[in-house]
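Source file: input.txt. Holds: compact mmCIF, C-alpha atoms.
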```txt
# COMPACT_ATOMS: atom_id res chain seq x y z
CA MET Y 69 14.83 -20.88 30.86
CA ILE Y 70 16.53 -17.54 30.17
CA THR Y 71 15.17 -15.48 27.28
CA ASP Y 72 17.63 -14.06 24.74
CA LEU Y 73 16.49 -10.43 24.50
CA GLN Y 74 16.59 -8.52 21.20
CA PHE Y 75 16.66 -4.73 20.88
CA GLY Y 76 13.14 -3.27 20.66
CA GLU Y 77 11.52 -6.54 21.70
CA ALA Y 78 8.74 -6.33 24.30
CA PHE Y 79 9.43 -7.77 27.74
CA ILE Y 80 7.11 -10.68 28.56
CA ARG Y 81 5.67 -11.18 32.04
CA GLY Y 82 7.14 -14.23 33.73
CA LYS Y 83 10.13 -14.50 31.39
CA ARG Y 84 13.67 -14.39 32.76
CA TYR Y 85 16.47 -12.22 31.38
CA ARG Y 86 20.13 -11.57 32.04
CA ARG Y 87 20.41 -8.13 33.59
CA LYS Y 88 23.71 -7.57 31.78
CA GLN Y 89 22.03 -8.12 28.42
CA ILE Y 90 19.38 -5.52 29.26
CA HIS Y 91 22.14 -2.99 29.94
CA ASP Y 92 24.13 -4.06 26.87
CA LEU Y 93 21.10 -3.12 24.77
CA TYR Y 94 19.79 -0.05 26.61
CA LYS Y 95 22.65 1.07 28.91
CA GLY Y 96 21.74 2.67 32.24
CA GLN Y 97 23.27 2.20 35.71
CA GLU Y 98 24.30 -1.45 36.03
CA GLN Y 99 24.59 -1.57 39.82
CA SER Y 100 21.62 0.56 40.88
CA GLU Y 101 18.23 -0.80 41.80
CA ILE Y 102 16.69 1.99 39.69
CA SER Y 103 18.31 2.27 36.27
CA THR Y 104 17.57 5.24 34.01
CA PRO Y 105 19.06 4.90 30.49
CA LYS Y 106 19.80 8.30 28.96
CA GLU Y 107 19.05 7.37 25.35
CA HIS Y 108 15.80 5.47 25.90
CA PRO Y 109 12.49 6.44 27.60
CA TYR Y 110 12.60 3.53 30.08
CA ILE Y 111 13.11 3.14 33.81
CA PHE Y 112 14.22 -0.30 34.98
CA ILE Y 113 13.57 -1.29 38.59
CA PHE Y 114 15.42 -4.39 39.79
CA THR Y 115 14.02 -5.55 43.13
CA LYS Y 116 14.95 -8.31 45.54
CA MET Y 117 11.34 -8.11 46.75
CA SER Y 118 11.81 -7.95 50.54
CA GLY Y 119 14.97 -5.84 50.50
CA GLU Y 120 14.96 -5.80 54.29
CA GLU Y 121 18.71 -6.35 54.53
CA TYR Y 122 19.14 -3.06 52.64
CA GLY Y 123 16.74 -1.07 54.80
CA THR Y 124 13.93 -1.25 52.22
CA SER Y 125 10.70 -3.20 51.82
CA HIS Y 126 9.00 -4.25 48.58
CA GLY Y 127 5.97 -6.37 47.70
CA TRP Y 128 2.52 -6.76 46.14
CA ASN Y 129 -0.87 -6.04 47.67
CA ASP Y 130 -3.22 -9.00 48.18
CA GLY Y 131 -4.67 -8.79 44.67
CA GLN Y 132 -1.23 -8.29 43.07
CA THR Y 133 -2.48 -5.18 41.28
CA THR Y 134 -0.25 -2.75 43.20
CA PHE Y 135 3.45 -3.03 44.01
CA PHE Y 136 4.76 -1.15 47.04
CA TYR Y 137 8.34 -0.18 46.41
CA THR Y 138 10.77 1.58 48.74
CA GLY Y 139 12.92 3.98 46.75
CA GLU Y 140 16.67 4.36 46.44
CA GLY Y 141 18.85 5.08 49.45
CA GLN Y 142 20.13 2.48 51.88
CA ARG Y 143 21.18 4.98 54.54
CA GLY Y 144 19.67 8.16 55.95
CA THR Y 145 16.51 9.99 54.93
CA MET Y 146 15.43 9.21 51.37
CA GLN Y 147 15.07 12.12 48.97
CA LEU Y 148 13.12 12.62 45.74
CA ILE Y 149 16.23 12.92 43.59
CA LYS Y 150 17.89 10.85 40.86
CA GLY Y 151 16.13 7.49 40.44
CA ASN Y 152 13.38 8.32 42.94
CA LYS Y 153 12.58 11.55 41.10
CA ALA Y 154 12.58 9.70 37.77
CA VAL Y 155 10.03 7.19 39.07
CA MET Y 156 7.70 9.92 40.36
CA GLU Y 157 7.90 11.96 37.13
CA HIS Y 158 8.04 9.12 34.58
CA ALA Y 159 4.57 9.73 33.09
CA ALA Y 160 5.16 13.46 32.62
CA ASN Y 161 8.51 12.67 30.99
CA GLY Y 162 7.04 10.00 28.70
CA GLU Y 163 9.02 7.17 30.31
CA THR Y 164 7.93 3.59 30.99
CA ILE Y 165 8.66 1.73 34.23
CA TYR Y 166 9.67 -1.93 33.83
CA LEU Y 167 9.69 -3.92 37.08
CA PHE Y 168 11.99 -6.93 37.49
CA GLN Y 169 12.65 -9.31 40.36
CA TYR Y 170 15.96 -11.09 40.97
CA VAL Y 171 15.57 -14.87 40.90
CA GLU Y 172 19.31 -15.61 41.10
CA PRO Y 173 22.49 -13.55 40.79
CA GLY Y 174 22.46 -11.70 37.46
CA ILE Y 175 19.10 -13.18 36.41
CA VAL Y 176 15.84 -11.21 36.68
CA GLU Y 177 12.22 -12.08 35.98
CA PHE Y 178 10.00 -9.47 34.34
CA LEU Y 179 7.04 -8.75 36.62
CA ASP Y 180 5.15 -6.08 34.69
CA GLU Y 181 5.03 -2.62 33.16
CA MET Y 182 4.04 -0.18 35.89
CA THR Y 183 2.76 3.35 36.48
CA TYR Y 184 3.49 5.58 39.47
CA ALA Y 185 0.26 6.21 41.38
CA ASN Y 186 1.37 7.75 44.67
CA HIS Y 187 4.06 7.86 47.33
CA GLN Y 188 4.30 8.55 51.04
CA LEU Y 189 6.98 8.78 53.70
CA GLU Y 190 7.27 5.91 56.16
CA LEU Y 191 9.52 5.41 59.18
CA MET Y 192 11.75 2.34 58.87
CA TRP Y 193 15.26 1.13 59.66
CA ASP Y 194 18.08 1.83 57.23
CA ALA Y 195 20.93 -0.53 56.34
CA ASP Y 196 22.88 0.61 59.43
CA GLY Y 197 19.99 -0.02 61.79
CA SER Y 198 19.14 3.67 62.23
CA PHE Y 199 15.56 4.96 62.10
CA ARG Y 200 14.84 7.13 59.05
CA GLU Y 201 12.13 8.45 56.72
CA ALA Y 202 11.81 6.30 53.60
CA ILE Y 203 9.85 6.88 50.39
CA MET Y 204 7.23 4.21 49.71
CA PHE Y 205 6.07 4.24 46.09
CA GLU Y 206 2.72 2.83 45.01
CA LEU Y 207 3.07 1.39 41.49
CA LYS Y 208 0.10 0.08 39.50
CA ARG Y 209 0.08 -2.55 36.76
CA ASN Y 210 -0.50 -0.72 33.46
CA HIS Y 211 -2.81 -3.21 31.80
CA ILE Y 212 -5.11 -3.16 34.83
CA LEU Y 213 -5.16 0.64 34.79
CA GLU Y 214 -6.09 0.57 31.11
CA GLU Y 215 -8.89 -1.95 31.74
CA LYS Y 216 -10.32 0.24 34.50
CA ALA Y 217 -9.97 3.35 32.34
CA ASN Y 218 -11.88 1.69 29.49
CA ALA Y 219 -14.83 1.20 31.84
CA VAL Y 220 -15.01 4.93 32.72
CA ASN Y 221 -17.74 6.86 30.90
CA ILE Y 222 -16.54 10.18 29.49
CA ASP Y 223 -19.52 12.33 28.47
CA SER Y 224 -17.77 15.06 26.48
CA THR Y 225 -16.60 15.19 22.87
CA VAL Y 226 -15.17 18.72 23.06
CA LYS Y 227 -11.38 18.53 22.65
CA GLU Y 228 -10.61 21.66 24.65
CA GLU Y 229 -12.76 20.51 27.57
CA LEU Y 230 -11.26 17.02 27.56
CA LEU Y 231 -7.75 18.44 27.49
CA GLU Y 232 -8.45 20.77 30.40
CA ARG Y 233 -9.99 17.93 32.43
CA PHE Y 234 -7.03 15.68 31.61
CA TYR Y 235 -4.49 18.14 33.02
CA GLU Y 236 -6.59 18.87 36.12
CA GLU Y 237 -7.63 15.30 36.96
CA LYS Y 238 -5.96 13.71 40.01
CA SER Y 239 -7.39 10.20 39.72
CA LEU Y 240 -4.98 8.09 37.66
CA THR Y 241 -7.73 5.92 36.17
CA LYS Y 242 -9.85 8.91 35.10
CA LYS Y 243 -6.75 10.66 33.76
CA ILE Y 244 -6.01 7.71 31.47
CA ALA Y 245 -9.68 7.54 30.42
CA LEU Y 246 -9.66 11.25 29.53
CA LEU Y 247 -6.41 10.92 27.59
CA ASN Y 248 -7.69 7.96 25.55
CA HIS Y 249 -11.00 9.69 24.85
CA TYR Y 250 -9.30 12.95 23.86
CA VAL Y 251 -7.06 11.16 21.37
CA LYS Y 252 -10.02 9.40 19.77
CA VAL Y 253 -11.97 12.67 19.52
CA ARG Y 254 -8.89 14.33 17.98
CA ALA Y 255 -8.74 11.53 15.39
CA ASN Y 256 -12.32 12.34 14.34
CA GLY Y 257 -13.08 8.80 13.23
CA LYS Y 258 -9.95 8.38 11.10
CA CYS Y 259 -6.68 6.55 11.68
CA GLU Y 260 -4.07 9.15 12.65
CA SER Y 261 -1.49 7.31 10.59
CA CYS Y 262 -3.00 6.29 7.25
CA GLY Y 263 -6.07 8.55 7.40
CA ALA Y 264 -8.54 5.75 6.60
CA PRO Y 265 -11.97 5.96 8.29
CA ALA Y 266 -12.61 3.43 11.07
CA SER Y 267 -14.35 0.40 9.59
CA PHE Y 268 -16.87 -0.03 12.44
CA LYS Y 269 -18.02 1.48 15.76
CA ASP Y 270 -17.15 0.18 19.21
CA LYS Y 271 -19.67 -0.76 21.91
CA LYS Y 272 -19.82 2.87 23.06
CA GLY Y 273 -20.80 4.00 19.57
CA MET Y 274 -17.44 5.61 18.72
CA PRO Y 275 -15.42 4.77 15.59
CA TYR Y 276 -13.18 1.84 16.52
CA LEU Y 277 -9.57 2.98 16.76
CA GLU Y 278 -6.80 1.55 18.94
CA ILE Y 279 -4.73 3.64 21.36
CA HIS Y 280 -1.00 3.56 20.61
CA HIS Y 281 1.73 5.04 22.85
CA ILE Y 282 4.41 6.18 20.44
CA ASN Y 283 7.50 6.05 22.63
CA HIS Y 284 6.73 2.80 24.47
CA LEU Y 285 7.83 -0.76 23.72
CA THR Y 286 4.31 -1.87 24.58
CA ASP Y 287 0.87 -0.26 24.44
CA SER Y 288 0.19 0.46 28.09
CA GLY Y 289 0.72 3.42 30.34
CA LEU Y 290 0.05 7.11 30.75
CA ASN Y 291 1.70 9.61 28.44
CA LYS Y 292 1.56 13.09 26.91
CA VAL Y 293 -1.13 13.98 24.39
CA ASP Y 294 1.42 14.51 21.61
CA GLN Y 295 2.90 11.04 22.14
CA VAL Y 296 -0.32 9.05 21.82
CA ALA Y 297 -2.24 8.21 18.65
CA ALA Y 298 -5.50 6.56 17.63
CA LEU Y 299 -4.83 3.97 14.93
CA CYS Y 300 -6.70 1.47 12.81
CA PRO Y 301 -5.82 -2.15 13.66
CA ILE Y 302 -3.72 -2.55 10.49
CA CYS Y 303 -1.43 0.41 11.20
CA HIS Y 304 -1.20 -0.57 14.86
CA SER Y 305 -0.15 -4.11 13.94
CA HIS Y 306 2.30 -2.79 11.34
CA ILE Y 307 4.16 -0.77 13.98
CA HIS Y 308 4.45 -3.66 16.43
CA HIS Y 309 4.85 -6.63 14.12
CA GLY Y 310 5.71 -5.44 10.61
CA GLN Y 311 8.95 -4.73 8.81
CA GLY Y 312 10.08 -1.14 9.28
CA GLY Y 313 7.82 -0.75 12.33
CA GLU Y 314 10.29 1.48 14.18
CA ASN Y 315 10.60 3.90 11.25
CA TYR Y 316 6.82 3.87 10.81
CA ASN Y 317 6.44 4.71 14.50
CA ALA Y 318 8.99 7.56 14.30
CA ARG Y 319 7.12 9.13 11.37
CA LEU Y 320 3.87 8.83 13.31
CA GLY Y 321 5.47 10.61 16.26
CA MET Y 322 6.42 13.59 14.11
CA LEU Y 323 2.93 13.66 12.56
CA ILE Y 324 1.17 13.76 15.94
CA LYS Y 325 3.49 16.46 17.29
CA GLU Y 326 2.73 18.59 14.22
CA LYS Y 327 -0.99 17.94 14.68
CA GLU Y 328 -0.91 19.15 18.29
CA LEU Y 329 1.19 22.20 17.40
CA GLU Y 330 -1.29 23.20 14.71
CA ALA Y 331 -4.13 22.89 17.23
CA VAL Y 332 -2.63 25.53 19.54
CA GLN Y 333 -1.69 28.04 16.84
```
Starting from the file, lay out its structure as C-alpha cells.
Amino acid sequence: MITDLQFGEAFIRGKRYRRKQIHDLYKGQEQSEISTPKEHPYIFIFTKMSGEEYGTSHGWNDGQTTFFYTGEGQRGTMQLIKGNKAVMEHAANGETIYLFQYVEPGIVEFLDEMTYANHQLELMWDADGSFREAIMFELKRNHILEEKANAVNIDSTVKEELLERFYEEKSLTKKIALLNHYVKVRANGKCESCGAPASFKDKKGMPYLEIHHINHLTDSGLNKVDQVAALCPICHSHIHHGQGGENYNARLGMLIKEKELEAVQ
C-alpha cells in the first residue's frame, strides 16, 4: 500500500511513498540519489541498497543500527562536494537525513531518520569498471542514538562547561547527551515555551521536560543549541499534533534564538 503524503507529515518507517510526491511537496533534485531541497532543512537519500551496477555499495550492519552508504559519483574518485558534503555537514547545518529504499520504479520505502557518524575512503570499481577511491558513509539510526545518549551520565549542571564540552566532544552519543543535558539546564526546570514549571522529576532527579528539535519533522537527531528546546509534554504535543502547530513551532524557534543571544551578550 502506498501512503498519500501530506506536507509537514512525519515519514513512518516501513511505509511506502511515491518519490514524485515527495519532490512535489519539498522540491529537491528529482534524479539524484542524494536530494537537497533548498527551502527545507532535509536531505533525502534514495538507495537501491546494493548499488553495485552503479559502482556503489549500500547496506546495514548485522544489527541494522548502522547503514553504510557509498556517496554520490558513479565514475572517478568521489569528492566531498554537493550531496556528499551536505550529508557530512547535515548536523552542523541543522538538516535531517531521511533514508529511503526503492522497492519498485518510482516507489520508495522509508527506512529511517539518520545521522552522519563517520566516513572513510575505500577502493572499489566505478560504473565503468575502473578502480577508484569511493566515500563510504556511516549513518546511524537517530532513535537508537537518542536511546544511547539518554543512558549517558552527565555530571555537570554548569551551562558554560556543558556548552564547551558539547563543541569539543567527538563521540556522537556523548555529543547528543551533552546537548540534551545543556538544553534542560538552560530551561532551569521550566518549559521553554509556556514557562510553566515541570510537574515532576525524571528518574535522574531532573525536572521532567522533553527535548524538541525545532526545525525537524520528527524529534530525533543532532542539532544546534539554538534550535533545540526543552518543553513540557503539553507544549510538545501541541506542536506535533495540535492546530497551529507549525506557527507555534516557529514562534518557539525565535524565542530560543533570542534566549541564546542574550546568554552571550
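Here atom CA of Y:Ile113 stands at a distance of 8.6 Å from atom CA of Y:Ser100.
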Contact residues around Y:His187 with only C-alpha atoms at 8 Å, ignoring same-chain residues under 6 positions, as a PyMOL selection string:
chain Y and resi 203-206
Two-atom distance - atom CA of Y:Gln142, atom CA of Y:Arg87 (Å)
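We find that atom CA of Y:Gln142 and atom CA of Y:Arg87 lie 21.1 Å from each other.
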Show which residues sit within 9 Å of Y:Ser198, as number ranges by chain. Count only C-alpha atoms, and ignore same-chain residues fewer than 6 positions away.
Y: 143-144, 192
Considering all atoms listed in the file, state which residue in the set Y:His91, Y:His309, Y:His211, Y:His108 is at the smallest distance from Y:Asn161.
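Ranking Y:His91, Y:His309, Y:His211, Y:His108 by distance to Y:Asn161, first place goes to Y:His108.
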Excluding Y:Asp72 and any residue of its chain fewer than 3 positions from it, enumerate the residues within 12 Å of it, using all atoms listed in the file, and give them as a PyMOL selection string.
chain Y and resi 69+75+77-80+83-90+93+175
Write out as a PyMOL selection string each polymer residue whose atoms come within 7 Å of Y:Lys292, counting only C-alpha atoms; drop sequence neighbours fewer than 3 positions from it.
chain Y and resi 160+162+295-296
Give me the residues within 6 Å of Y:Ala217 as a compact mmCIF listing (two decimals) with C-alpha atoms, keeping the file's coordinate frame, counting only C-alpha atoms and dropping any in the same chain fewer than 3 places off.
```txt
# COMPACT_ATOMS: atom_id res chain seq x y z
CA GLU Y 214 -6.09 0.57 31.11
CA VAL Y 220 -15.01 4.93 32.72
CA THR Y 241 -7.73 5.92 36.17
CA ILE Y 244 -6.01 7.71 31.47
CA ALA Y 245 -9.68 7.54 30.42
```
Kindly give the distance, in Å, that separates atom CA of Y:Leu320 and atom CA of Y:Ser261, rounded to a single decimal.
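According to the coordinates, atom CA of Y:Leu320 and atom CA of Y:Ser261 are separated by 6.2 Å.
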Edge lengths and centre in Å, axis-aligned, stretch 181-197 of chain Y plus 4 Å each side, as AutoDock Vina command-line options:
```
--center_x 11.6 --center_y 3.1 --center_z 47.5 --size_x 30.6 --size_y 19.4 --size_z 36.6
```
Distance query 7 Å from (7.7, -1.1, 33.0) using all atoms listed in the file, result as a PyMOL selection string
chain Y and resi 111-112+164-167+180-182
Find the residue from Y:Leu277, Y:Leu247, Y:Gln132, Y:Gly141 that sits nearest to Y:Ala195; use all atoms listed in the file when measuring.
Y:Gly141
Please determine the residues with any atom at most 6 Å from (5.4, -13.1, 37.3) (coordinates as given in the file, with all atoms listed in the file counting) and report them as number ranges by chain.
Y: 81-82, 179
Just checking: using all atoms listed in the file, which residue out of Y:Ala202, Y:Ile149, Y:Val251, Y:Cys262 ends up closest to Y:Cys303?
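The closest residue to Y:Cys303 is Y:Cys262.
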